[in-house]
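Peer 1: Dropping in query-v1.pdb, which is PDB, C-alpha atoms and all ligand atoms:
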```
ATOM      1  CA  MET R   1       0.000   0.000   0.000
ATOM      2  CA  PHE R   2       1.404   3.356  -1.147
ATOM      3  CA  ASP R   3       4.898   1.810  -1.301
ATOM      4  CA  ARG R   4       5.979   3.924  -4.204
ATOM      5  CA  PHE R   5       4.827   7.104  -2.480
ATOM      6  CA  LYS R   6       6.857   6.386   0.637
ATOM      7  CA  LYS R   7       9.864   5.215  -1.346
ATOM      8  CA  ARG R   8       9.946   8.463  -3.320
ATOM      9  CA  VAL R   9       9.675  10.522  -0.134
ATOM     10  CA  LYS R  10      12.536   8.549   1.394
ATOM     11  CA  GLU R  11      14.735   8.913  -1.684
ATOM     12  CA  SER R  12      14.051  12.605  -1.997
ATOM     13  CA  PHE R  13      14.728  13.432   1.646
ATOM     14  CA  PRO R  14      17.127  10.894   3.184
ATOM     15  CA  GLU R  15      16.913  11.895   6.823
ATOM     16  CA  ASP R  16      20.587  11.691   7.746
ATOM     17  CA  GLU R  17      21.916  13.107   4.499
ATOM     18  CA  THR R  18      20.806  16.696   4.585
ATOM     19  CA  PRO R  19      23.078  18.721   2.280
ATOM     20  CA  SER R  20      24.871  21.691   3.825
ATOM     21  CA  VAL R  21      22.935  24.107   1.670
ATOM     22  CA  ILE R  22      19.235  23.558   1.009
ATOM     23  CA  ARG R  23      17.600  25.573  -1.703
ATOM     24  CA  LYS R  24      13.935  26.177  -1.081
ATOM     25  CA  ASP R  25      12.951  26.075  -4.734
ATOM     26  CA  GLU R  26      14.590  22.655  -5.018
ATOM     27  CA  LEU R  27      12.703  21.462  -1.945
ATOM     28  CA  GLU R  28       9.445  22.638  -3.416
ATOM     29  CA  ASP R  29      10.149  20.963  -6.747
ATOM     30  CA  LYS R  30      10.877  17.729  -4.977
ATOM     31  CA  VAL R  31       7.638  17.877  -3.026
ATOM     32  CA  ARG R  32       5.683  18.731  -6.152
ATOM     33  CA  ASN R  33       7.229  15.832  -8.073
ATOM     34  CA  ILE R  34       6.520  13.372  -5.297
ATOM     35  CA  LEU R  35       2.876  14.431  -5.254
ATOM     36  CA  LEU R  36       2.468  14.351  -9.026
ATOM     37  CA  GLU R  37       4.041  10.897  -9.181
ATOM     38  CA  ALA R  38       1.583   9.766  -6.511
ATOM     39  CA  ASP R  39      -1.139  10.942  -8.914
ATOM     40  CA  VAL R  40      -2.217  13.949  -6.894
ATOM     41  CA  SER R  41      -3.752  16.382  -9.374
ATOM     42  CA  TYR R  42      -1.680  19.294 -10.622
ATOM     43  CA  ASP R  43      -3.829  21.881  -8.818
ATOM     44  CA  SER R  44      -3.825  19.991  -5.552
ATOM     45  CA  ALA R  45      -0.077  19.456  -5.714
ATOM     46  CA  GLY R  46       0.315  23.200  -6.255
ATOM     47  CA  LYS R  47      -1.838  23.992  -3.246
ATOM     48  CA  ILE R  48       0.110  21.659  -1.020
ATOM     49  CA  VAL R  49       3.431  23.097  -2.166
ATOM     50  CA  GLU R  50       2.116  26.546  -1.295
ATOM     51  CA  MET R  51       1.023  25.459   2.171
ATOM     52  CA  PHE R  52       4.351  23.693   2.662
ATOM     53  CA  ARG R  53       6.233  26.841   1.621
ATOM     54  CA  ASP R  54       4.264  28.910   4.156
ATOM     55  CA  ARG R  55       5.082  26.440   6.887
ATOM     56  CA  LEU R  56       8.795  26.388   6.130
ATOM     57  CA  GLY R  57       8.786  30.173   5.977
ATOM     58  CA  LYS R  58       7.758  30.292   9.628
ATOM     59  CA  VAL R  59      10.526  27.940  10.767
ATOM     60  CA  LYS R  60      13.213  29.769  12.699
ATOM     61  CA  LYS R  61      15.821  27.031  13.121
ATOM     62  CA  LYS R  62      18.066  25.560  10.459
ATOM     63  CA  ILE R  63      16.166  23.352   8.062
ATOM     64  CA  ASP R  64      17.200  19.724   7.677
ATOM     65  CA  TYR R  65      15.505  16.822   5.944
ATOM     66  CA  GLN R  66      13.978  15.553   9.142
ATOM     67  CA  LEU R  67      12.246  18.878   9.573
ATOM     68  CA  VAL R  68      11.193  18.832   5.922
ATOM     69  CA  LEU R  69       9.475  15.497   6.480
ATOM     70  CA  GLU R  70       7.761  16.767   9.607
ATOM     71  CA  GLU R  71       6.487  19.876   7.853
ATOM     72  CA  LEU R  72       5.333  17.907   4.828
ATOM     73  CA  LYS R  73       3.470  15.546   7.092
ATOM     74  CA  GLU R  74       1.918  18.446   8.969
ATOM     75  CA  THR R  75       0.812  20.038   5.691
ATOM     76  CA  ILE R  76      -0.936  16.899   4.484
ATOM     77  CA  ARG R  77      -2.402  16.354   7.952
ATOM     78  CA  GLU R  78      -3.934  19.823   7.798
ATOM     79  CA  VAL R  79      -5.485  19.126   4.382
ATOM     80  CA  LEU R  80      -6.992  15.797   5.416
ATOM     81  CA  SER R  81      -8.136  16.871   8.855
ATOM     82  CA  ALA R  82     -10.234  19.608   7.290
ATOM     83  CA  GLN R  83     -12.481  16.865   5.865
ATOM     84  CA  ASP R  84     -12.544  14.739   8.979
ATOM     85  CA  SER R  85     -16.071  13.474   9.461
ATOM     86  CA  ASP R  86     -17.838  13.330  12.783
ATOM     87  CA  LEU R  87     -19.866  10.338  11.618
ATOM     88  CA  ASP R  88     -19.992   7.558  14.179
ATOM     89  CA  PHE R  89     -21.018   4.678  11.962
ATOM     90  CA  LEU R  90     -21.502   2.292  14.866
ATOM     91  CA  SER R  91     -23.752   4.661  16.812
ATOM     92  CA  PRO R  92     -25.536   6.710  14.192
ATOM     93  CA  GLY R  93     -28.341   7.648  16.562
ATOM     94  CA  LYS R  94     -31.187   6.431  14.376
ATOM     95  CA  SER R  95     -32.585   3.016  13.655
ATOM     96  CA  PRO R  96     -32.912   1.593  11.187
ATOM     97  CA  TYR R  97     -30.041   3.621   9.789
ATOM     98  CA  VAL R  98     -30.448   3.541   6.031
ATOM     99  CA  VAL R  99     -27.305   3.734   3.905
ATOM    100  CA  LEU R 100     -27.353   3.931   0.125
ATOM    101  CA  PHE R 101     -24.252   2.934  -1.850
ATOM    102  CA  LEU R 102     -23.584   4.503  -5.233
ATOM    103  CA  GLY R 103     -20.743   4.097  -7.683
ATOM    104  CA  ILE R 104     -19.947   2.817 -11.135
ATOM    105  CA  ASN R 105     -19.577  -0.867 -11.884
ATOM    106  CA  GLY R 106     -16.566  -2.637 -10.539
ATOM    107  CA  THR R 107     -15.616  -0.080  -7.911
ATOM    108  CA  GLY R 108     -16.515  -2.518  -5.141
ATOM    109  CA  LYS R 109     -20.020  -1.513  -4.045
ATOM    110  CA  THR R 110     -21.420  -4.975  -3.485
ATOM    111  CA  THR R 111     -18.286  -6.151  -1.699
ATOM    112  CA  THR R 112     -18.291  -3.016   0.436
ATOM    113  CA  VAL R 113     -21.933  -3.523   1.436
ATOM    114  CA  ALA R 114     -21.073  -7.042   2.636
ATOM    115  CA  LYS R 115     -17.903  -5.866   4.375
ATOM    116  CA  LEU R 116     -19.765  -3.165   6.266
ATOM    117  CA  ALA R 117     -22.503  -5.611   7.209
ATOM    118  CA  THR R 118     -19.787  -7.834   8.643
ATOM    119  CA  TYR R 119     -18.299  -4.866  10.464
ATOM    120  CA  VAL R 120     -21.532  -3.742  12.151
ATOM    121  CA  LYS R 121     -22.537  -7.342  12.916
ATOM    122  CA  LYS R 122     -19.214  -7.916  14.670
ATOM    123  CA  ASN R 123     -20.085  -4.912  16.776
ATOM    124  CA  GLY R 124     -23.348  -6.458  17.885
ATOM    125  CA  LYS R 125     -25.658  -4.681  15.428
ATOM    126  CA  ARG R 126     -28.420  -6.182  13.316
ATOM    127  CA  VAL R 127     -28.502  -5.480   9.628
ATOM    128  CA  VAL R 128     -30.362  -6.299   6.430
ATOM    129  CA  LEU R 129     -29.136  -5.841   2.864
ATOM    130  CA  ALA R 130     -31.166  -4.643  -0.115
ATOM    131  CA  ALA R 131     -30.245  -6.184  -3.477
ATOM    132  CA  SER R 132     -31.155  -3.067  -5.432
ATOM    133  CA  ASP R 133     -28.786  -3.812  -8.276
ATOM    134  CA  THR R 134     -31.492  -5.550 -10.251
ATOM    135  CA  PHE R 135     -29.967  -4.467 -13.540
ATOM    136  CA  ARG R 136     -26.817  -6.512 -13.950
ATOM    137  CA  ALA R 137     -27.134 -10.250 -14.340
ATOM    138  CA  GLY R 138     -25.562 -11.964 -11.386
ATOM    139  CA  ALA R 139     -25.650  -8.986  -9.030
ATOM    140  CA  ILE R 140     -28.536 -10.338  -6.959
ATOM    141  CA  GLU R 141     -26.877 -13.749  -6.722
ATOM    142  CA  GLN R 142     -23.581 -12.154  -5.748
ATOM    143  CA  LEU R 143     -25.122 -10.283  -2.832
ATOM    144  CA  THR R 144     -27.250 -13.283  -1.835
ATOM    145  CA  GLN R 145     -24.133 -15.455  -1.703
ATOM    146  CA  LEU R 146     -22.218 -12.885   0.322
ATOM    147  CA  GLY R 147     -25.192 -12.547   2.680
ATOM    148  CA  GLU R 148     -25.238 -16.297   3.220
ATOM    149  CA  ASN R 149     -21.511 -16.353   3.892
ATOM    150  CA  ILE R 150     -21.738 -13.697   6.566
ATOM    151  CA  GLY R 151     -25.118 -14.710   7.969
ATOM    152  CA  VAL R 152     -27.060 -11.589   7.026
ATOM    153  CA  ASN R 153     -30.503 -11.436   5.386
ATOM    154  CA  VAL R 154     -30.757 -10.101   1.853
ATOM    155  CA  ILE R 155     -34.031  -8.656   0.566
ATOM    156  CA  LYS R 156     -34.369  -9.281  -3.156
ATOM    157  CA  HIS R 157     -36.848  -9.348  -5.996
ATOM    158  CA  VAL R 158     -36.536 -10.963  -9.401
ATOM    159  CA  ALA R 159     -33.999  -9.592 -11.901
ATOM    160  CA  LYS R 160     -34.959  -6.351 -13.718
ATOM    161  CA  SER R 161     -37.543  -5.436 -11.099
ATOM    162  CA  ASP R 162     -37.787  -1.940  -9.645
ATOM    163  CA  PRO R 163     -34.758  -1.339  -7.394
ATOM    164  CA  SER R 164     -36.651   1.253  -5.351
ATOM    165  CA  SER R 165     -39.240  -1.247  -4.263
ATOM    166  CA  VAL R 166     -36.496  -3.638  -3.134
ATOM    167  CA  ALA R 167     -35.043  -0.851  -1.011
ATOM    168  CA  TYR R 168     -38.491  -0.005   0.313
ATOM    169  CA  ASP R 169     -39.141  -3.632   1.284
ATOM    170  CA  ALA R 170     -35.790  -3.892   3.024
ATOM    171  CA  ILE R 171     -36.575  -0.808   5.098
ATOM    172  CA  GLU R 172     -40.002  -2.204   6.025
ATOM    173  CA  HIS R 173     -38.338  -5.495   6.937
ATOM    174  CA  ALA R 174     -35.880  -3.669   9.189
ATOM    175  CA  ARG R 175     -38.592  -1.552  10.844
ATOM    176  CA  ALA R 176     -40.746  -4.575  11.598
ATOM    177  CA  ARG R 177     -37.814  -6.320  13.267
ATOM    178  CA  ASN R 178     -36.149  -3.339  14.890
ATOM    179  CA  LEU R 179     -32.950  -3.860  12.938
ATOM    180  CA  ASP R 180     -30.169  -1.312  13.216
ATOM    181  CA  TYR R 181     -29.085  -0.939   9.585
ATOM    182  CA  VAL R 182     -30.349  -1.207   6.042
ATOM    183  CA  LEU R 183     -27.524  -1.252   3.504
ATOM    184  CA  ILE R 184     -28.699  -0.698  -0.071
ATOM    185  CA  ASP R 185     -26.592  -1.950  -2.960
ATOM    186  CA  SER R 186     -27.273  -0.343  -6.338
ATOM    187  CA  ALA R 187     -26.559  -0.714 -10.023
ATOM    188  CA  GLY R 188     -23.788   1.456 -11.090
ATOM    189  CA  ARG R 189     -23.477   2.635 -14.597
ATOM    190  CA  MET R 190     -23.619   6.353 -15.161
ATOM    191  CA  GLN R 191     -23.435   9.078 -17.789
ATOM    192  CA  THR R 192     -24.077   6.575 -20.547
ATOM    193  CA  ASN R 193     -27.410   5.386 -19.292
ATOM    194  CA  ARG R 194     -30.149   7.849 -18.484
ATOM    195  CA  ASN R 195     -32.422   5.100 -17.172
ATOM    196  CA  LEU R 196     -29.958   4.075 -14.539
ATOM    197  CA  ILE R 197     -29.429   7.642 -13.445
ATOM    198  CA  ASP R 198     -33.176   8.140 -13.078
ATOM    199  CA  GLU R 199     -33.357   4.854 -11.241
ATOM    200  CA  MET R 200     -30.638   5.970  -8.871
ATOM    201  CA  LYS R 201     -32.522   9.194  -8.142
ATOM    202  CA  LYS R 202     -35.677   7.219  -7.526
ATOM    203  CA  ILE R 203     -34.003   4.840  -5.072
ATOM    204  CA  LYS R 204     -32.775   7.858  -3.188
ATOM    205  CA  ARG R 205     -36.190   9.528  -3.218
ATOM    206  CA  VAL R 206     -37.976   6.403  -2.069
ATOM    207  CA  SER R 207     -35.495   5.140   0.527
ATOM    208  CA  LYS R 208     -34.637   8.581   1.964
ATOM    209  CA  PRO R 209     -31.234   7.340   3.102
ATOM    210  CA  ASP R 210     -29.699   8.723   6.274
ATOM    211  CA  LEU R 211     -26.354   8.454   4.566
ATOM    212  CA  THR R 212     -25.472   8.295   0.885
ATOM    213  CA  VAL R 213     -22.028   6.960   0.139
ATOM    214  CA  LEU R 214     -20.112   7.068  -3.104
ATOM    215  CA  VAL R 215     -17.826   4.088  -3.591
ATOM    216  CA  LEU R 216     -14.674   4.946  -5.536
ATOM    217  CA  ASP R 217     -11.849   2.763  -6.771
ATOM    218  CA  SER R 218      -8.516   4.222  -5.639
ATOM    219  CA  MET R 219      -6.753   2.784  -8.677
ATOM    220  CA  ILE R 220      -8.253   5.447 -10.909
ATOM    221  CA  GLY R 221      -6.357   8.099  -8.947
ATOM    222  CA  GLN R 222      -7.303  11.693  -9.609
ATOM    223  CA  ASP R 223     -10.030  10.616 -12.049
ATOM    224  CA  ALA R 224     -11.956   9.688  -8.919
ATOM    225  CA  VAL R 225     -12.651  13.391  -8.537
ATOM    226  CA  HIS R 226     -14.217  13.687 -11.992
ATOM    227  CA  GLN R 227     -16.278  10.597 -11.391
ATOM    228  CA  ALA R 228     -17.495  11.959  -8.075
ATOM    229  CA  GLU R 229     -18.372  15.346  -9.557
ATOM    230  CA  THR R 230     -20.543  13.649 -12.158
ATOM    231  CA  PHE R 231     -22.380  11.771  -9.451
ATOM    232  CA  MET R 232     -22.750  14.872  -7.330
ATOM    233  CA  LYS R 233     -24.715  16.581 -10.101
ATOM    234  CA  GLU R 234     -27.284  13.800 -10.292
ATOM    235  CA  THR R 235     -27.390  12.239  -6.850
ATOM    236  CA  PRO R 236     -25.611  14.207  -4.153
ATOM    237  CA  PHE R 237     -23.739  12.062  -1.655
ATOM    238  CA  ASP R 238     -22.436  12.698   1.851
ATOM    239  CA  GLY R 239     -19.067  11.030   1.740
ATOM    240  CA  ILE R 240     -16.849   8.432   0.194
ATOM    241  CA  ILE R 241     -15.594   4.917   0.634
ATOM    242  CA  LEU R 242     -12.353   4.372  -1.220
ATOM    243  CA  THR R 243     -11.654   0.765  -2.224
ATOM    244  CA  LYS R 244      -8.658  -1.306  -3.292
ATOM    245  CA  LEU R 245      -6.047   0.674  -1.422
ATOM    246  CA  ASP R 246      -4.162  -2.618  -1.039
ATOM    247  CA  THR R 247      -3.386  -2.541  -4.757
ATOM    248  CA  ASP R 248      -2.612   1.163  -4.894
ATOM    249  CA  ALA R 249       1.105   1.996  -4.843
ATOM    250  CA  ARG R 250       0.602   5.679  -5.584
ATOM    251  CA  GLY R 251      -1.862   6.718  -2.902
ATOM    252  CA  GLY R 252      -2.508  10.264  -4.063
ATOM    253  CA  ALA R 253      -6.251   9.930  -4.617
ATOM    254  CA  ILE R 254      -6.893  10.546  -0.935
ATOM    255  CA  ILE R 255      -5.216  13.948  -1.063
ATOM    256  CA  THR R 256      -6.946  15.036  -4.258
ATOM    257  CA  ILE R 257     -10.326  13.951  -2.896
ATOM    258  CA  ALA R 258      -9.832  15.935   0.292
ATOM    259  CA  LEU R 259      -8.744  19.098  -1.499
ATOM    260  CA  GLU R 260     -11.055  19.075  -4.491
ATOM    261  CA  LEU R 261     -14.198  17.253  -3.418
ATOM    262  CA  GLU R 262     -14.195  18.456   0.161
ATOM    263  CA  LYS R 263     -15.998  15.298   1.209
ATOM    264  CA  PRO R 264     -15.042  12.980   4.046
ATOM    265  CA  ILE R 265     -13.698   9.491   3.426
ATOM    266  CA  TYR R 266     -15.553   7.237   5.863
ATOM    267  CA  PHE R 267     -13.937   3.876   5.212
ATOM    268  CA  VAL R 268     -11.224   2.398   3.048
ATOM    269  CA  GLY R 269     -11.170  -1.048   1.472
ATOM    270  CA  ILE R 270      -7.852  -2.800   1.893
ATOM    271  CA  GLY R 271      -8.410  -6.239   0.373
ATOM    272  CA  GLN R 272     -10.923  -8.740  -0.925
ATOM    273  CA  LYS R 273     -11.783 -10.425   2.369
ATOM    274  CA  MET R 274     -14.809  -9.430   4.422
ATOM    275  CA  ASP R 275     -12.609  -8.017   7.188
ATOM    276  CA  ASP R 276     -10.648  -5.849   4.805
ATOM    277  CA  ILE R 277     -12.348  -2.572   5.559
ATOM    278  CA  ILE R 278     -11.296   0.033   8.116
ATOM    279  CA  PRO R 279     -12.555   3.455   9.142
ATOM    280  CA  PHE R 280     -10.335   5.985   7.417
ATOM    281  CA  ASP R 281      -7.781   7.433   9.771
ATOM    282  CA  VAL R 282      -5.529  10.354   8.872
ATOM    283  CA  GLU R 283      -2.626   9.172  11.051
ATOM    284  CA  TRP R 284      -2.795   5.685   9.552
ATOM    285  CA  TYR R 285      -2.469   7.218   6.090
ATOM    286  CA  LEU R 286       0.345   9.613   7.048
ATOM    287  CA  ASP R 287       2.345   6.761   8.556
ATOM    288  CA  LYS R 288       2.079   4.891   5.306
ATOM    289  CA  ILE R 289       3.233   7.688   3.017
ATOM    290  CA  ILE R 290       5.868   9.518   5.034
ATOM    291  CA  PRO R 291       8.765   7.753   6.741
TER     292      PRO R 291
HETATM  293  N1  LIG O   1      -8.035  -5.853  -3.772
HETATM  294  C1  LIG O   1      -9.259  -5.394  -3.506
HETATM  295  N2  LIG O   1     -10.302  -5.761  -4.264
HETATM  296  C2  LIG O   1     -11.524  -5.283  -3.958
HETATM  297  C3  LIG O   1     -11.738  -4.379  -2.877
HETATM  298  N3  LIG O   1     -13.057  -4.080  -2.849
HETATM  299  C4  LIG O   1     -13.630  -4.756  -3.868
HETATM  300  N4  LIG O   1     -12.712  -5.489  -4.549
HETATM  301  C5  LIG O   1     -12.905  -6.337  -5.721
HETATM  302  O1  LIG O   1     -13.398  -5.585  -6.794
HETATM  303  C6  LIG O   1     -14.199  -6.403  -7.647
HETATM  304  C7  LIG O   1     -15.536  -5.717  -7.914
HETATM  305  O2  LIG O   1     -16.276  -5.660  -6.716
HETATM  306  P1  LIG O   1     -17.852  -5.530  -6.652
HETATM  307  O3  LIG O   1     -18.204  -5.406  -5.225
HETATM  308  O4  LIG O   1     -18.508  -6.617  -7.416
HETATM  309  O5  LIG O   1     -18.067  -4.142  -7.416
HETATM  310  P2  LIG O   1     -19.427  -3.419  -7.821
HETATM  311  O6  LIG O   1     -19.608  -3.685  -9.302
HETATM  312  O7  LIG O   1     -19.199  -1.958  -7.567
HETATM  313  O8  LIG O   1     -20.525  -3.964  -6.992
HETATM  314  C8  LIG O   1     -14.347  -7.732  -6.925
HETATM  315  O9  LIG O   1     -13.462  -8.655  -7.501
HETATM  316  C9  LIG O   1     -13.937  -7.422  -5.501
HETATM  317  O10 LIG O   1     -13.389  -8.513  -4.824
HETATM  318  C10 LIG O   1     -10.595  -3.989  -2.081
HETATM  319  O11 LIG O   1     -10.665  -3.192  -1.132
HETATM  320  N5  LIG O   1      -9.389  -4.531  -2.443
HETATM  321 MG    MG O   2     -22.307  -4.737  -7.512
END
```
Step by step, read the file and then write its structure as structure tokens.
Peer 2:
Amino acid sequence: MFDRFKKRVKESFPEDETPSVIRKDELEDKVRNILLEADVSYDSAGKIVEMFRDRLGKVKKKIDYQLVLEELKETIREVLSAQDSDLDFLSPGKSPYVVLFLGINGTGKTTTVAKLATYVKKNGKRVVLAASDTFRAGAIEQLTQLGENIGVNVIKHVAKSDPSSVAYDAIEHARARNLDYVLIDSAGRMQTNRNLIDEMKKIKRVSKPDLTVLVLDSMIGQDAVHQAETFMKETPFDGIILTKLDTDARGGAIITIALELEKPIYFVGIGQKMDDIIPFDVEWYLDKIIP
């Protein structure tokens, strides 16, 4: 995870090899290059370099590489902390707590729904899943199978049926049984298919989710921002779950998302197993990218 990012930081600023003269413009170029190579967008990289420059400008003592790393870390911490969410997913304060998952195909929605069900179940909560991806062949079966594996009920209708009514039934099911969560999977094509966009809006209208989450694949890097902006226009969402960080050597998507989308990242997916999801933590991320 983010190996390349950390390696580049290490190579650029070897802690015990600070040169006798440090030129600030060279420092800034190095930071900018590290960020661009990590697939942080050009604008975001520029903003971070600016913030980093301001920080170094306030430093009174002699600058060495150790200090550079500390200030770089502090800069990124400031950017990410600004989007810190106060969501307490395990005690949301409403039941059933209805969560709608959006995202294009293949980002990991269905897997994420099952992972989060596992997560809340492990914490003593009761949950039902709504198989509202009725569009893609196999999607209902996929969620049903996952539900069986983790011992969680899945509400489903036949293929091609109205996804909103599946969501509605799942919510009724949860109300009748005093369940804590309803997690709604959805079909995820966008832009290309007006029907699916309208369907997505309808699911949202009908299910009135307490939380709408956009699932993004970290491998697409800064394109995640464009994808998210497209979604935002049609079906506004509250925050993000970023998947597949385990296969992401670059790691810059997190920074670009924080600076350009200004939305919190609630959880990150770090593998294919049901346990491979963790609440996003700024310090966890900083430890992984900066030595
Ligand atoms: N390595 C890895 N693979 C993941 C992660 N999350 C999902 N996947 C995989 O991504 C693929 C697509 O997932 P799926 O949930 O079907 O995506 P959906 O089309 O958005 O519902 C599957 O092979 C998942 O196992 C993750 O955090 N790490
Ligand atoms: Mg799916």
Peer 1: Name all residues at most 7 Å from region 86-103 of chain R (count all atoms listed in the file; drop same-chain ones fewer than 4 positions away) and give them as a ChimeraX atom specification.
Peer 2: /R:107,109,120,174-175,178-186,188,209-216
Peer 1: Would you mind listing, for every residue of chain R within 8 Å of ligand LIG 1 (chain O), the two atoms forming the shortest contact and the distance between them in Å to one decimal, using all atoms listed in the file, sorted by chain and ascending residue number, as a tab-separated table?
Peer 2:
```
residue	atom	partner	partner_atom	distance
R:Gly103	CA	O:LIG1	O7	6.2
R:Ile104	CA	O:LIG1	O7	6.0
R:Asn105	CA	O:LIG1	O6	3.8
R:Gly106	CA	O:LIG1	O6	3.4
R:Thr107	CA	O:LIG1	O7	4.1
R:Gly108	CA	O:LIG1	O5	3.2
R:Lys109	CA	O:LIG1	O7	3.6
R:Thr110	CA	O:LIG1	O3	3.7
R:Thr111	CA	O:LIG1	O3	3.6
R:Thr112	CA	O:LIG1	O3	6.1
R:Val113	CA	O:LIG1	O3	7.9
R:Ala139	CA	O:LIG1	O8	7.5
R:Gln142	CA	O:LIG1	O4	7.7
R:Asp185	CA	O:LIG1	O8	7.6
R:Ser186	CA	O:LIG1	O8	7.7
R:Ala187	CA	O:LIG1	O8	7.5
R:Gly188	CA	O:LIG1	O7	6.7
R:Val215	CA	O:LIG1	O7	7.4
R:Asp217	CA	O:LIG1	N3	8.0
R:Leu242	CA	O:LIG1	O11	7.8
R:Thr243	CA	O:LIG1	O11	4.2
R:Lys244	CA	O:LIG1	N5	3.4
R:Leu245	CA	O:LIG1	O11	6.0
R:Asp246	CA	O:LIG1	N1	5.7
R:Thr247	CA	O:LIG1	N1	5.8
R:Val268	CA	O:LIG1	O11	7.0
R:Gly269	CA	O:LIG1	O11	3.4
R:Ile270	CA	O:LIG1	O11	4.1
R:Gly271	CA	O:LIG1	N5	3.4
R:Gln272	CA	O:LIG1	N2	4.5
R:Lys273	CA	O:LIG1	O10	7.6
R:Asp276	CA	O:LIG1	O11	6.5
R:Ile277	CA	O:LIG1	O11	6.9
```
Peer 1: Would you please work out which residue, of R:Pro279, R:Phe267, R:Ala258, R:Met232, is nearest to Leu80 (chain R) when using only C-alpha atoms?
Peer 2: R:Ala258
Peer 1: Using only C-alpha atoms and all ligand atoms, pick whichever of R:Leu146, R:Val59, R:Val128, R:Leu69 has the shortest atom-to-atom distance to ligand MG 2 (chain O).
Peer 2: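 Residue with the minimum atom-to-atom distance to ligand MG 2 (chain O): R:Leu146.
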Peer 1: Write out as a ChimeraX atom specification which residues come within 10 Å of Arg177 (chain R) when counting all atoms listed in the file, dropping same-chain ones fewer than 5 positions away.
Peer 2: /R:96,126,171-172
Peer 1: Rank nothing, just name the residue among R:Val154, R:Ala45, R:Ala38, R:Leu143 nearest to ligand MG 2 (chain O), using all atoms listed in the file.
Peer 2: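 The shortest atom-to-atom distance to ligand MG 2 (chain O) comes from R:Leu143.
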Peer 1: I need the residue set behind the PyMOL selection byres (((chain R and resi 259) around 9) and not hetatm) for this file; please write it as an MDAnalysis selection string.
Peer 2: chainID R and resid 44 47 79:80 82:83 254:258 260:263
Peer 1: Run the PyMOL selection byres (((chain R and resi 149) around 12) and not hetatm) on the file and write out the hits as a PDB file with C-alpha atoms, in the frame of the given file.
Peer 2:
```pdb
ATOM      1  CA  ALA R 114     -21.073  -7.042   2.636  1.00  0.00           C
ATOM      2  CA  LYS R 115     -17.903  -5.866   4.375  1.00  0.00           C
ATOM      3  CA  ALA R 117     -22.503  -5.611   7.209  1.00  0.00           C
ATOM      4  CA  THR R 118     -19.787  -7.834   8.643  1.00  0.00           C
ATOM      5  CA  GLN R 142     -23.581 -12.154  -5.748  1.00  0.00           C
ATOM      6  CA  LEU R 143     -25.122 -10.283  -2.832  1.00  0.00           C
ATOM      7  CA  THR R 144     -27.250 -13.283  -1.835  1.00  0.00           C
ATOM      8  CA  GLN R 145     -24.133 -15.455  -1.703  1.00  0.00           C
ATOM      9  CA  LEU R 146     -22.218 -12.885   0.322  1.00  0.00           C
ATOM     10  CA  GLY R 147     -25.192 -12.547   2.680  1.00  0.00           C
ATOM     11  CA  GLU R 148     -25.238 -16.297   3.220  1.00  0.00           C
ATOM     12  CA  ILE R 150     -21.738 -13.697   6.566  1.00  0.00           C
ATOM     13  CA  GLY R 151     -25.118 -14.710   7.969  1.00  0.00           C
ATOM     14  CA  VAL R 152     -27.060 -11.589   7.026  1.00  0.00           C
ATOM     15  CA  ASN R 153     -30.503 -11.436   5.386  1.00  0.00           C
ATOM     16  CA  VAL R 154     -30.757 -10.101   1.853  1.00  0.00           C
ATOM     17  CA  LYS R 273     -11.783 -10.425   2.369  1.00  0.00           C
ATOM     18  CA  MET R 274     -14.809  -9.430   4.422  1.00  0.00           C
TER      19      MET R 274
END
```
Peer 1: Can you work out the spacing between CA of Lys24 (chain R) and CA of Tyr65 (chain R) in Å, to one decimal?
Peer 2: 11.8 Å
Peer 1: Taking into account only C-alpha atoms, which residue in the set R:Leu67, R:Val158, R:Leu196, R:Leu56 is nearest to Pro14 (chain R)?
Peer 2: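 Selected residue with least distance to Pro14 (chain R): R:Leu67.
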